[in-house]
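Shown here: my_file10.csv, CSV, C-alpha atoms.
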chain,number,residue,atom,x,y,z
U,643,GLN,CA,-0.1,31.2,16.6
U,644,LYS,CA,-1.1,29.0,13.8
U,645,TRP,CA,-1.9,25.3,14.2
U,646,LYS,CA,-2.4,22.8,11.4
U,647,GLY,CA,-4.0,19.5,11.8
U,648,GLN,CA,-6.7,16.9,11.1
U,649,PHE,CA,-10.1,16.4,12.4
U,650,TRP,CA,-12.9,13.9,12.4
U,651,SER,CA,-16.6,14.7,12.5
U,652,ALA,CA,-19.7,12.6,13.1
U,653,ASN,CA,-20.2,11.1,9.6
U,654,LYS,CA,-17.0,12.2,7.8
U,655,HIS,CA,-13.5,11.7,9.1
U,656,CYS,CA,-10.3,12.8,7.5
U,657,GLU,CA,-7.3,10.6,7.5
U,658,VAL,CA,-4.7,13.1,8.4
U,659,ALA,CA,-5.5,16.8,8.1
U,660,ASP,CA,-3.7,20.0,7.3
U,661,ILE,CA,-6.0,22.9,8.0
U,662,PHE,CA,-4.6,26.0,9.5
U,663,TYR,CA,-6.4,28.2,11.9
U,664,GLU,CA,-5.7,31.0,14.4
U,665,ALA,CA,-5.5,29.9,18.0
U,666,ASP,CA,-4.4,31.3,21.4
U,667,HIS,CA,-3.5,27.9,22.8
U,668,THR,CA,-0.3,25.9,23.2
U,669,ALA,CA,0.0,22.1,23.1
U,670,ASP,CA,-0.1,22.2,26.9
U,671,GLU,CA,-3.4,24.0,26.9
U,672,LEU,CA,-5.5,21.3,25.2
U,673,PRO,CA,-9.3,21.8,25.2
U,674,GLN,CA,-11.0,19.8,27.9
U,675,ASN,CA,-14.6,19.3,28.8
U,676,ASP,CA,-15.3,18.6,32.5
U,677,ASP,CA,-18.8,17.5,31.8
U,678,ILE,CA,-18.6,13.7,31.8
U,679,SER,CA,-22.0,13.2,30.2
U,680,PRO,CA,-21.8,12.3,26.5
U,681,THR,CA,-22.0,15.2,24.1
U,682,PRO,CA,-24.7,15.3,21.4
U,683,LEU,CA,-22.2,14.4,18.7
U,684,ARG,CA,-20.9,11.4,20.7
U,685,LEU,CA,-24.5,10.3,21.3
U,686,GLN,CA,-25.0,10.4,17.5
U,687,VAL,CA,-21.9,8.3,16.9
U,688,MET,CA,-22.9,5.8,19.6
U,689,GLU,CA,-26.4,5.4,18.1
U,690,GLU,CA,-25.0,4.9,14.6
U,691,ARG,CA,-22.6,2.2,16.0
U,692,ARG,CA,-25.5,0.5,17.9
U,693,LEU,CA,-27.6,0.4,14.7
U,694,ARG,CA,-24.7,-1.0,12.7
U,695,THR,CA,-24.0,-3.6,15.3
U,696,THR,CA,-27.7,-4.6,15.5
U,697,GLY,CA,-27.8,-5.0,11.7
U,698,LEU,CA,-24.6,-7.1,11.6
U,699,ILE,CA,-25.8,-9.4,14.4
U,700,ALA,CA,-29.2,-9.9,12.7
U,701,GLY,CA,-27.6,-10.6,9.3
U,702,PHE,CA,-25.1,-13.0,10.7
U,703,SER,CA,-27.8,-14.8,12.7
U,704,PHE,CA,-30.0,-15.1,9.6
U,705,LEU,CA,-27.1,-16.4,7.5
U,706,SER,CA,-26.1,-19.0,10.2
U,707,LEU,CA,-29.7,-20.2,10.6
U,708,ALA,CA,-30.2,-20.6,6.9
U,709,SER,CA,-26.9,-22.5,6.5
U,710,VAL,CA,-27.7,-24.9,9.3
U,711,LEU,CA,-31.2,-25.5,8.0
U,712,GLY,CA,-29.8,-26.0,4.5
U,713,CYS,CA,-27.4,-28.6,5.7
U,714,LEU,CA,-30.0,-30.4,7.8
U,715,LEU,CA,-32.4,-30.5,4.8
U,716,GLY,CA,-29.7,-31.7,2.4
U,717,PHE,CA,-29.6,-28.6,0.3
U,718,PHE,CA,-25.9,-28.0,1.2
U,719,GLU,CA,-22.9,-30.2,1.8
U,720,PRO,CA,-21.4,-29.6,5.3
U,721,LEU,CA,-17.9,-30.2,3.9
U,722,VAL,CA,-18.5,-27.4,1.4
U,723,PHE,CA,-19.3,-24.9,4.2
U,724,LEU,CA,-16.3,-26.1,6.1
U,725,GLY,CA,-14.1,-25.6,3.1
U,726,LEU,CA,-15.5,-22.1,2.5
U,727,GLY,CA,-14.8,-21.3,6.1
U,728,VAL,CA,-11.2,-22.3,5.8
U,729,VAL,CA,-10.8,-20.3,2.6
U,730,GLY,CA,-12.4,-17.3,4.4
U,731,ILE,CA,-10.0,-17.5,7.3
U,732,SER,CA,-7.0,-17.8,5.0
U,733,ILE,CA,-8.1,-14.7,3.0
U,734,GLY,CA,-8.6,-12.8,6.2
U,735,TYR,CA,-5.2,-13.7,7.5
U,736,GLY,CA,-3.6,-12.7,4.2
U,737,ILE,CA,-5.4,-9.4,4.2
U,738,THR,CA,-4.3,-8.7,7.8
U,739,GLU,CA,-0.7,-9.5,7.0
U,740,SER,CA,-0.7,-7.2,4.0
U,741,TYR,CA,-1.6,-4.3,6.3
U,742,ASN,CA,1.0,-5.2,9.0
U,743,GLU,CA,4.3,-3.4,9.0
U,744,TYR,CA,7.4,-5.1,10.4
U,745,GLN,CA,10.0,-2.8,8.9
U,746,PRO,CA,11.5,0.0,11.0
U,747,PRO,CA,10.5,3.6,10.0
U,748,LEU,CA,13.0,5.8,8.3
U,749,PRO,CA,15.2,7.8,10.7
U,750,SER,CA,14.2,11.4,11.4
U,751,SER,CA,17.3,12.5,9.6
U,752,SER,CA,15.5,11.4,6.4
U,753,PHE,CA,13.1,14.3,6.7
U,754,GLU,CA,13.1,18.1,7.1
U,755,VAL,CA,10.4,20.4,8.3
U,756,GLN,CA,10.4,23.6,6.3
U,757,GLN,CA,8.1,26.2,4.9
U,758,SER,CA,5.6,24.5,2.5
U,759,THR,CA,5.7,25.1,-1.2
U,760,ILE,CA,1.9,25.5,-1.0
U,761,PRO,CA,1.1,29.2,-0.5
U,762,ASN,CA,-0.3,30.1,3.0
U,763,ALA,CA,0.0,26.4,4.1
U,764,GLY,CA,2.6,27.0,6.8
U,765,MET,CA,5.2,24.3,7.5
U,766,GLY,CA,5.6,21.2,5.4
U,767,LEU,CA,7.5,17.9,5.4
U,768,PHE,CA,10.4,17.4,2.9
U,769,ALA,CA,12.6,14.5,2.0
U,770,GLY,CA,16.1,14.9,3.4
U,771,THR,CA,17.4,12.0,1.2
U,772,ASN,CA,16.3,10.1,-1.9
U,773,ILE,CA,13.4,7.7,-1.1
U,774,ALA,CA,12.5,4.8,-3.3
U,775,LYS,CA,9.0,4.0,-4.3
U,776,SER,CA,6.9,1.8,-1.9
U,777,THR,CA,9.3,2.6,1.0
U,778,TYR,CA,7.7,2.5,4.5
U,779,LEU,CA,8.1,6.0,5.9
U,780,PHE,CA,6.6,6.1,9.4
U,781,ASP,CA,3.4,5.8,11.3
U,782,TYR,CA,1.1,8.6,12.4
U,783,GLU,CA,1.9,9.0,16.0
U,784,GLY,CA,0.3,10.9,18.9
U,785,GLU,CA,-1.6,10.5,22.1
U,786,VAL,CA,-4.0,7.5,21.8
U,787,LEU,CA,-7.5,8.5,23.0
U,788,SER,CA,-10.6,6.5,23.8
U,789,GLU,CA,-13.8,7.8,22.3
U,790,GLU,CA,-14.8,9.2,25.7
U,791,GLU,CA,-11.4,11.0,26.0
U,792,TYR,CA,-11.7,12.3,22.4
U,793,PHE,CA,-15.1,13.9,22.8
U,794,SER,CA,-14.2,15.2,26.2
U,795,ARG,CA,-11.3,17.0,24.6
U,796,TYR,CA,-13.2,17.9,21.4
U,797,PRO,CA,-16.9,18.1,22.2
U,798,SER,CA,-17.7,19.3,18.6
U,799,GLY,CA,-15.5,16.6,17.0
U,800,ASP,CA,-13.1,19.2,15.6
U,801,GLY,CA,-9.8,17.7,16.8
U,802,ARG,CA,-7.7,19.0,13.9
U,803,TYR,CA,-4.7,16.7,14.5
U,804,VAL,CA,-6.7,13.6,15.2
U,805,ALA,CA,-6.5,10.5,13.0
U,806,ARG,CA,-9.3,8.0,13.5
U,807,VAL,CA,-8.7,4.3,12.8
U,808,ASP,CA,-11.7,1.9,12.9
U,809,THR,CA,-10.9,-1.7,14.0
U,810,TRP,CA,-13.4,-2.9,11.4
U,811,PHE,CA,-14.9,-6.2,12.6
U,812,PHE,CA,-14.7,-5.3,16.3
U,813,SER,CA,-16.0,-1.8,15.5
U,814,LEU,CA,-19.0,-3.3,13.8
U,815,LEU,CA,-19.6,-5.4,16.9
U,816,GLY,CA,-19.8,-2.2,19.0
U,817,SER,CA,-16.2,-1.5,20.2
U,818,GLU,CA,-14.8,1.9,19.7
U,819,PRO,CA,-12.3,3.1,17.1
U,820,VAL,CA,-8.8,4.3,17.9
U,821,TYR,CA,-8.2,8.1,18.0
U,822,ILE,CA,-4.6,9.3,17.6
U,823,ASP,CA,-4.1,13.0,18.6
U,824,GLY,CA,-1.0,14.5,17.2
U,825,ILE,CA,-1.6,18.1,18.4
U,826,ASP,CA,1.3,18.0,20.8
U,827,PRO,CA,4.6,17.9,18.8
U,828,GLU,CA,6.4,16.2,21.7
U,829,LYS,CA,4.0,13.2,21.5
U,830,SER,CA,3.7,13.1,17.7
U,831,ASN,CA,6.1,12.8,14.9
U,832,VAL,CA,6.9,14.4,11.5
U,833,ALA,CA,3.8,12.8,9.9
U,834,ARG,CA,1.8,15.7,11.3
U,835,TYR,CA,3.5,18.2,9.0
U,836,MET,CA,2.5,16.6,5.7
U,837,ASN,CA,0.2,18.8,3.5
U,838,SER,CA,-2.4,17.7,1.0
U,839,VAL,CA,-2.5,17.6,-2.8
U,840,SER,CA,-5.2,15.9,-4.9
U,841,GLY,CA,-5.1,12.7,-6.8
U,842,ASN,CA,-2.0,11.5,-8.6
U,843,LYS,CA,0.0,14.6,-7.5
U,844,ALA,CA,0.5,13.0,-4.1
U,845,ASN,CA,3.7,11.1,-3.5
U,846,VAL,CA,2.6,9.4,-0.2
U,847,TYR,CA,-0.2,7.0,0.6
U,848,TRP,CA,-1.4,5.4,3.8
U,849,LYS,CA,-2.7,2.1,5.1
U,850,LYS,CA,-4.8,1.7,8.2
U,851,GLN,CA,-4.5,-1.6,10.0
U,852,GLN,CA,-8.0,-2.6,11.2
U,853,PHE,CA,-7.2,-6.2,12.3
U,854,GLY,CA,-4.8,-8.2,14.5
U,855,ALA,CA,-2.1,-7.1,16.9
U,856,GLN,CA,-1.3,-3.9,14.9
U,857,ALA,CA,-5.0,-2.8,14.8
U,858,GLY,CA,-5.2,1.0,15.2
U,859,ALA,CA,-2.0,1.8,13.3
U,860,MET,CA,-1.8,4.2,10.4
U,861,HIS,CA,1.2,3.5,8.1
U,862,PHE,CA,2.6,5.9,5.4
U,863,TYR,CA,4.5,4.8,2.3
U,864,SER,CA,6.0,6.5,-0.7
U,865,SER,CA,3.9,6.1,-3.8
U,866,THR,CA,6.7,7.1,-6.2
U,867,ASP,CA,10.4,7.7,-6.2
U,868,ILE,CA,11.0,10.9,-4.1
U,869,GLN,CA,14.1,13.0,-4.6
U,870,LYS,CA,15.9,14.8,-1.8
U,871,GLY,CA,14.3,18.2,-1.3
U,872,ASP,CA,10.9,17.1,-2.5
U,873,GLU,CA,7.9,18.0,-0.3
U,874,LEU,CA,5.8,15.0,0.9
U,875,PHE,CA,2.1,15.1,0.1
U,876,PHE,CA,-0.9,12.8,0.4
U,877,ASP,CA,-4.5,13.3,-0.6
U,878,TYR,CA,-6.8,13.9,2.4
U,879,GLY,CA,-9.8,13.1,0.2
U,880,ASP,CA,-13.1,14.8,-0.6
U,881,THR,CA,-14.7,13.8,2.7
U,882,TYR,CA,-12.0,15.8,4.6
U,883,TRP,CA,-12.8,19.0,2.7
U,884,GLN,CA,-16.5,18.5,3.0
U,885,ALA,CA,-16.2,18.1,6.8
U,886,ALA,CA,-13.9,21.1,6.9
U,887,ASP,CA,-16.5,23.2,5.3
U,888,GLU,CA,-19.1,22.0,7.8
U,889,ILE,CA,-17.0,23.0,10.7
U,890,ASP,CA,-16.0,26.3,9.2
U,891,SER,CA,-19.7,27.1,8.7
U,892,ARG,CA,-20.5,26.1,12.2
U,893,GLU,CA,-17.8,28.4,13.6
U,894,GLU,CA,-19.1,31.3,11.5
U,895,GLU,CA,-22.6,30.8,12.9
U,896,THR,CA,-21.3,31.0,16.4

In structure tokens, write the structure found in this file.
Amino acid sequence: QKWKGQFWSANKHCEVADIFYEADHTADELPQNDDISPTPLRLQVMEERRLRTTGLIAGFSFLSLASVLGCLLGFFEPLVFLGLGVVGISIGYGITESYNEYQPPLPSSSFEVQQSTIPNAGMGLFAGTNIAKSTYLFDYEGEVLSEEEYFSRYPSGDGRYVARVDTWFFSLLGSEPVYIDGIDPEKSNVARYMNSVSGNKANVYWKKQQFGAQAGAMHFYSSTDIQKGDELFFDYGDTYWQAADEIDSREEET
């Protein structure tokens, strides 16, 4: 049986993957780790997040102290800082709204799963109707895992159907990212079947919402007009293939 999917590793995570590998499991036989102690990879991730959080708090504290002293000593006008704060909040709200998606996804009848046009790539996702440029297609769906659940299921960080979405500001402050595991077709959607092509050959792009009520969502859009029968592709990026090589090398060594 062949699976395709996406994975995330300690320092490099892919956005949605499409690697095929031989397996003897079914979606109901997901890997589990009964050892509740953190794996070495998770410990590394936790340490990196701790260091990032410490740096952020130190930098914010220094900036705040410098601003207060500057105002007290007459170097800065308090109203200027107030105005900058309002502008910053407005920009942040605008960015958040630009990543939110309020439109319904296209119906499942708009897509077909068939043999991919990429040799040896297995199944792929095709347009079942004409799709205009910049159309919201769907979200990446699957089982939402905590970081503990993710590393319990994938101790080596090789969950090949897993999309990771950082919740930026809160992640910097030490909270965990969101992991969406689409390995089970019954809990995922057609997004899991998209294959990868590089650069401007892709006809789909994604946005990850890292703020607000929709934080943790991964939206997909058409980057060009798509004709009925066209296969849908997006670019996984160089970090995906670098991480894939690392995991393949590790599997060969074992």

Worksheet item: When distances are computed from only C-alpha atoms, which of U:Phe753, U:Tyr735, U:Tyr821, U:Phe702 shows the smallest separation from Glu789 (chain U)?
Response: U:Tyr821

Worksheet item: Quick one: distance from CA of Gly841 (chain U) to CA of Phe876 (chain U) in Å, one decimal?
Response: 8.3 Å

Practice prompt. Could you tell me how far CA of Arg834 (chain U) lies from CA of Ser740 (chain U), in Å and to one decimal?
Written response: 24.2 Å

Fill in: Distance in Å - CA of Gly766 (chain U) versus CA of Glu873 (chain U)
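Result for CA of Gly766 (chain U) versus CA of Glu873 (chain U): 6.9 Å, one decimal.
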
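Nearest to Thr777 (chain U) of all the residues U:Leu748, U:Leu726, U:Met688, U:Ala844 is U:Leu748, counting all atoms listed in the file.
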
Item to complete: Select, from U:Leu874, U:Leu715, U:Ala855, U:Val729, the residue with the minimum atom-to-atom distance to Glu743 (chain U), counting all atoms listed in the file.
Response: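 Of U:Leu874, U:Leu715, U:Ala855, U:Val729, the one nearest Glu743 (chain U) is U:Ala855, counting all atoms listed in the file.
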